[in-house]
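Have a look at the structure below before the remarks.
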Amino acid sequence: MLAIANLQVIYDDAIEAVRDVSLSVEKGRIVALLGSNGAGKSTILKALSGVLYSEHGEIRSGSILYDGEDCTNQPPFQIVRKGLIQVPEGRQLFDQLTVEENLIVGGYSGSWRKTRAHLADVYDLFPEIKPHRNRISGYLSGGQQQMVAVGRALMGEPRMLLLDEPSLGLAPLVIKQIFEKIDHLRKELGLSVLLVEQNARLALSIADYGYIVERGRVVLDGAADRLLANDDVREFYLGIQREGERRSMRDVKHYKRRKRWLL
Amino acid sequence: MDYLLSLVVSGVVIGSLYGMIAMGFAMIYRATGLVNFAQGEVMMLTAYIAYSFQVDLGLGFAAAVVATLVSAVVIGILLERIFIRPMLGEPVFSRVLVTIGLAVVIRSLVIMAWGAEAQPFPAPFAGNVVRIGSIAVYASQLFVVVTLVVLGVASWLFFKFTRFGIAMRATANRESTALLMGINVVRLYSMAWGMSAFFAAFAGLSFCLMFSVEPDMSHMGLRAFPASILGGLDSVTGSSMAGVIIGVVENLAGGYLGRGLKEIAGFILIVVVLMVRPYGLFGQREIERV
Ligand SMILES: Nc1ncnc2c1ncn2[C@@H]1O[C@H](COP(=O)(O)OP(=O)(O)OP(=O)(O)O)[C@@H](O)[C@H]1O
Ligand SMILES: [Mg+2]
């Protein structure tokens, strides 16, 4: 459904944030994109949503195929209309607007009638936010805000959801609740998800497949259970020590990944 | 008492005119973060267009008003497309300078096309006197006040209840997220210019009904600027009310404290208000919660 091949992204004509990333997401799958700070995860999502230009970034090479169509450098509103919708890092609510107004903006690319129907759906999915519908969203708790952010994306009838660190700064219970809803939507509606996380254990517990990105490159990928069992992943991302001195990710020889051409 | 009343009434009338102009400032500022210093000139241009529709093309008053409003929206959209959009991504300062240049250009073009002399504006009803209780006003003055009230209420409804209005507020709040929600931000900018010119056209018509068509009417733009600031610069509905407040304060200051104070009373008022409320009377304050 989504296939990124050899993506390279540069900011300000100078900073190479994504060097060479290829990945794919099948329909109805949850795919985790893991990596430490500054690995380039958010940049990949911004490239997918077509909003790099607003930060002086651009796709230098590579391609993005969504539903067999080339999406590279399409304007963001057209990408949203195709059902590729992002929940940005740090929620980024319209904090001066009410909860319901946030949701209404989420449904902007559809009709009013659909927006009304989806409002009810979102309140069904996240009953916690319904009582706050007329409150200014900036005053909600972090967990409630994340629900509004996810709900707002759902208003646009996504077929694939791009989630950027949904667990950031939230209590474990709230995280669990949000992840359960996402899993539910995947099963119910066949929603596909590209899930960016720093919390690898959490992400791999829900994902089918995972990619690990370091310094703008995919260094490892595999089925979620295989990644969870992988010694290096356990050491570097799950914090499980094994005997011997600590090594840096770069020294791990077998991470030098064979070149894989998607397409 | 009569003196006070007449000062207040004429203050409300002139303030309504300020309000319409200020709404135009706020519309563009809110959507694009830009102060359009050509707002007064756009108002003058639309007034001359209304004049020509009546005098040169022989349209009736109502038809001329409708035609003027339509032309104004088109002009607003064209100005954005031709002068402002190519500057997208440039520093705000350069973009504001473009609007100042635009003001000079429009002014020269208008004087070239219509001449520098004031012309009487054909207005069938403007001189009629209307009595409301003990107050007598000209029909033109009533027109101005009623128009402001209608525009103020309409803008409030627009931003509160229409999807496009909510999307405009969302974009002003956080543009990067607006892009992710599928809002075509460039189109929204152009609509903001169109709507701002729509307000400018009402202001231009109001001015002409009370006075005449003349190039100097563009100075009203600067006179109305305190109203925008008082309203919070980004609040369209707030600007309409702030205009009335400024109009009344100016008139009272001029009437009781001396003519010289009339011109600057508005500016003094905003300095005082901004010291107490930095976001203006109706402006958005930042939400501090992470
Ligand atoms: N707007 C920008 N301009 C210049 N450089 C940027 C910009 N945004 C990101 N970068 C750089 O690109 C690299 C990748 O950043 P990105 O935000 O994609 O990382 P990330 O994997 O999402 O990290 P995190 O987990 O901290 O969110 C970093 O080195 C960052 O400094
Ligand atoms: Mg990130």
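We name chains A, B, ... following the order of the structure tokens; residues begin at 1 in each chain, and ligands are numbered from 1 as shown.
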> Using only C-alpha atoms and all ligand atoms, which protein or nucleic acid residues are at most 7 Å from ligand 1, as a PyMOL selection string?
Replying inline: chain A and resi 11-12+15-18+35-44+55-57+198
>> Taking only C-alpha atoms into account, find every residue of chain B that has an atom no more than 8 Å from chain A, and write it out as a list in words.
In response: Arg163, Ile166, Ala167, Arg169, Ala170, Asn173, Arg174, Ser176, Thr177, Leu179, Leu180, Met181, Gly182, Ile183, Asn184, Gln284, Glu286, Ile287 and Arg289 of chain B
Output file for the residues above (N, CA and C atoms, as a CSV table (one decimal), in the first residue's frame):
```csv
chain,number,residue,atom,x,y,z
B,163,ARG,N,-17.3,25.9,8.6
B,163,ARG,CA,-16.1,25.1,8.6
B,163,ARG,C,-14.9,25.9,8.1
B,166,ILE,N,-13.8,28.3,10.9
B,166,ILE,CA,-13.0,27.5,11.9
B,166,ILE,C,-11.6,27.2,11.4
B,167,ALA,N,-11.6,26.8,10.1
B,167,ALA,CA,-10.3,26.4,9.5
B,167,ALA,C,-9.4,27.6,9.5
B,169,ARG,N,-9.3,30.1,11.7
B,169,ARG,CA,-8.8,30.2,13.0
B,169,ARG,C,-7.7,29.2,13.3
B,170,ALA,N,-8.0,28.0,12.9
B,170,ALA,CA,-7.0,26.9,13.1
B,170,ALA,C,-5.7,27.2,12.4
B,173,ASN,N,-3.9,29.7,14.3
B,173,ASN,CA,-3.4,29.1,15.6
B,173,ASN,C,-2.1,28.3,15.3
B,174,ARG,N,-2.1,27.4,14.3
B,174,ARG,CA,-1.0,26.5,14.1
B,174,ARG,C,-1.0,26.1,12.6
B,176,SER,N,1.4,24.8,10.7
B,176,SER,CA,2.0,23.5,10.3
B,176,SER,C,1.0,22.4,10.4
B,177,THR,N,0.1,22.4,11.5
B,177,THR,CA,-0.9,21.4,11.7
B,177,THR,C,-2.0,21.6,10.7
B,179,LEU,N,-1.8,22.4,7.7
B,179,LEU,CA,-1.4,21.7,6.5
B,179,LEU,C,-1.7,20.2,6.6
B,180,LEU,N,-1.4,19.6,7.8
B,180,LEU,CA,-1.5,18.2,8.0
B,180,LEU,C,-3.0,17.8,8.0
B,181,MET,N,-3.9,18.7,8.2
B,181,MET,CA,-5.3,18.4,8.2
B,181,MET,C,-6.0,18.6,6.8
B,182,GLY,N,-5.2,18.9,5.9
B,182,GLY,CA,-5.7,19.0,4.5
B,182,GLY,C,-6.3,20.4,4.2
B,183,ILE,N,-5.9,21.4,4.9
B,183,ILE,CA,-6.3,22.7,4.6
B,183,ILE,C,-5.4,23.3,3.5
B,184,ASN,N,-6.0,23.8,2.4
B,184,ASN,CA,-5.2,24.4,1.4
B,184,ASN,C,-4.9,25.8,1.8
B,284,GLN,N,-6.3,37.0,20.9
B,284,GLN,CA,-6.0,35.6,21.4
B,284,GLN,C,-4.8,35.7,22.3
B,286,GLU,N,-1.7,33.6,24.2
B,286,GLU,CA,-1.1,32.3,24.0
B,286,GLU,C,-1.5,31.4,25.2
B,287,ILE,N,-1.7,30.1,24.9
B,287,ILE,CA,-2.0,29.2,25.9
B,287,ILE,C,-0.8,28.6,26.4
B,289,ARG,N,0.7,25.9,28.3
B,289,ARG,CA,0.5,24.6,29.0
B,289,ARG,C,1.2,23.7,28.0
```
Write out as a CSV table (one decimal) with N, CA, C and O atoms, in the first residue's frame which residues come within 6 Å of segment 25-29 of chain A when counting only C-alpha atoms, dropping same-chain ones fewer than 4 positions away.
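That gives us result-v7.csv:
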```csv
chain,number,residue,atom,x,y,z
A,1,MET,N,0.8,-1.2,0.0
A,1,MET,CA,0.0,0.0,0.0
A,1,MET,C,0.9,1.3,0.0
A,1,MET,O,0.7,2.2,-0.8
A,2,LEU,N,1.9,1.2,0.9
A,2,LEU,CA,2.8,2.3,0.9
A,2,LEU,C,4.2,1.8,0.7
A,2,LEU,O,4.6,0.8,1.3
A,186,ARG,N,-7.7,-1.0,13.3
A,186,ARG,CA,-7.0,-1.8,12.3
A,186,ARG,C,-7.8,-3.0,12.0
A,186,ARG,O,-8.1,-3.4,10.8
A,190,GLY,N,-9.6,-2.1,8.8
A,190,GLY,CA,-8.5,-2.4,7.9
A,190,GLY,C,-7.5,-1.3,7.8
A,190,GLY,O,-6.8,-1.1,6.8
A,191,LEU,N,-7.5,-0.4,8.8
A,191,LEU,CA,-6.6,0.7,8.8
A,191,LEU,C,-5.2,0.3,8.8
A,191,LEU,O,-4.8,-0.6,9.6
A,192,SER,N,-4.3,0.9,8.1
A,192,SER,CA,-2.9,0.6,8.1
A,192,SER,C,-2.2,1.7,9.0
A,192,SER,O,-2.7,2.9,9.0
```
>> Which residues are near segment 232-248 of chain B? Cut-off 9 Å, only C-alpha atoms, ignore same chain within fewer than 2 positions. Put them as a ChimeraX atom specification.
In response: /B:7-31,33,35,148-149,151-156,159,172,224-230,250-253,265-267,269-270,278-284
>> Could you list, as a ChimeraX atom specification, every residue within 8 Å of segment 85-98 of chain B, counting only C-alpha atoms and ignoring same-chain residues fewer than 6 positions away?
In response: /B:34-37
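Among the candidates B:Gly60, B:Gly204, B:Gly254, B:Gly221, the residue lying nearest to Met43 of chain B is B:Gly204 (atoms considered: only C-alpha atoms).
Every protein or nucleic acid residue with an atom no more than 7 Å from Tyr211 of chain A, counting only C-alpha atoms and leaving out same-chain residues fewer than 2 positions away, appears here: Ala32, Leu33, Leu34, Val213, Val218, Leu220, Asp221 and Gly222 of chain A.
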Please write the residues from the selection above to a file, keeping N, CA and C atoms, as a short mmCIF file (atom, residue, chain, number, x, y, z; two decimals), in the first residue's frame.
```
data_model
loop_
_atom_site.label_atom_id
_atom_site.label_comp_id
_atom_site.auth_asym_id
_atom_site.auth_seq_id
_atom_site.Cartn_x
_atom_site.Cartn_y
_atom_site.Cartn_z
N ALA A 32 6.16 -0.56 12.74
CA ALA A 32 6.85 0.34 13.66
C ALA A 32 8.12 0.89 13.03
N LEU A 33 8.35 2.16 13.28
CA LEU A 33 9.57 2.81 12.80
C LEU A 33 10.30 3.28 14.06
N LEU A 34 11.41 2.60 14.37
CA LEU A 34 12.08 2.85 15.64
C LEU A 34 13.41 3.54 15.41
N VAL A 213 15.83 2.73 12.43
CA VAL A 213 16.54 3.76 11.69
C VAL A 213 17.63 4.36 12.58
N VAL A 218 18.00 2.90 7.34
CA VAL A 218 17.43 1.71 7.97
C VAL A 218 18.58 0.75 8.25
N LEU A 220 18.12 -2.10 10.35
CA LEU A 220 17.62 -3.44 10.63
C LEU A 220 16.12 -3.44 10.40
N ASP A 221 15.61 -4.51 9.87
CA ASP A 221 14.16 -4.63 9.82
C ASP A 221 13.77 -6.09 9.94
N GLY A 222 12.54 -6.32 10.34
CA GLY A 222 12.09 -7.69 10.49
C GLY A 222 10.75 -7.75 11.19
#
```
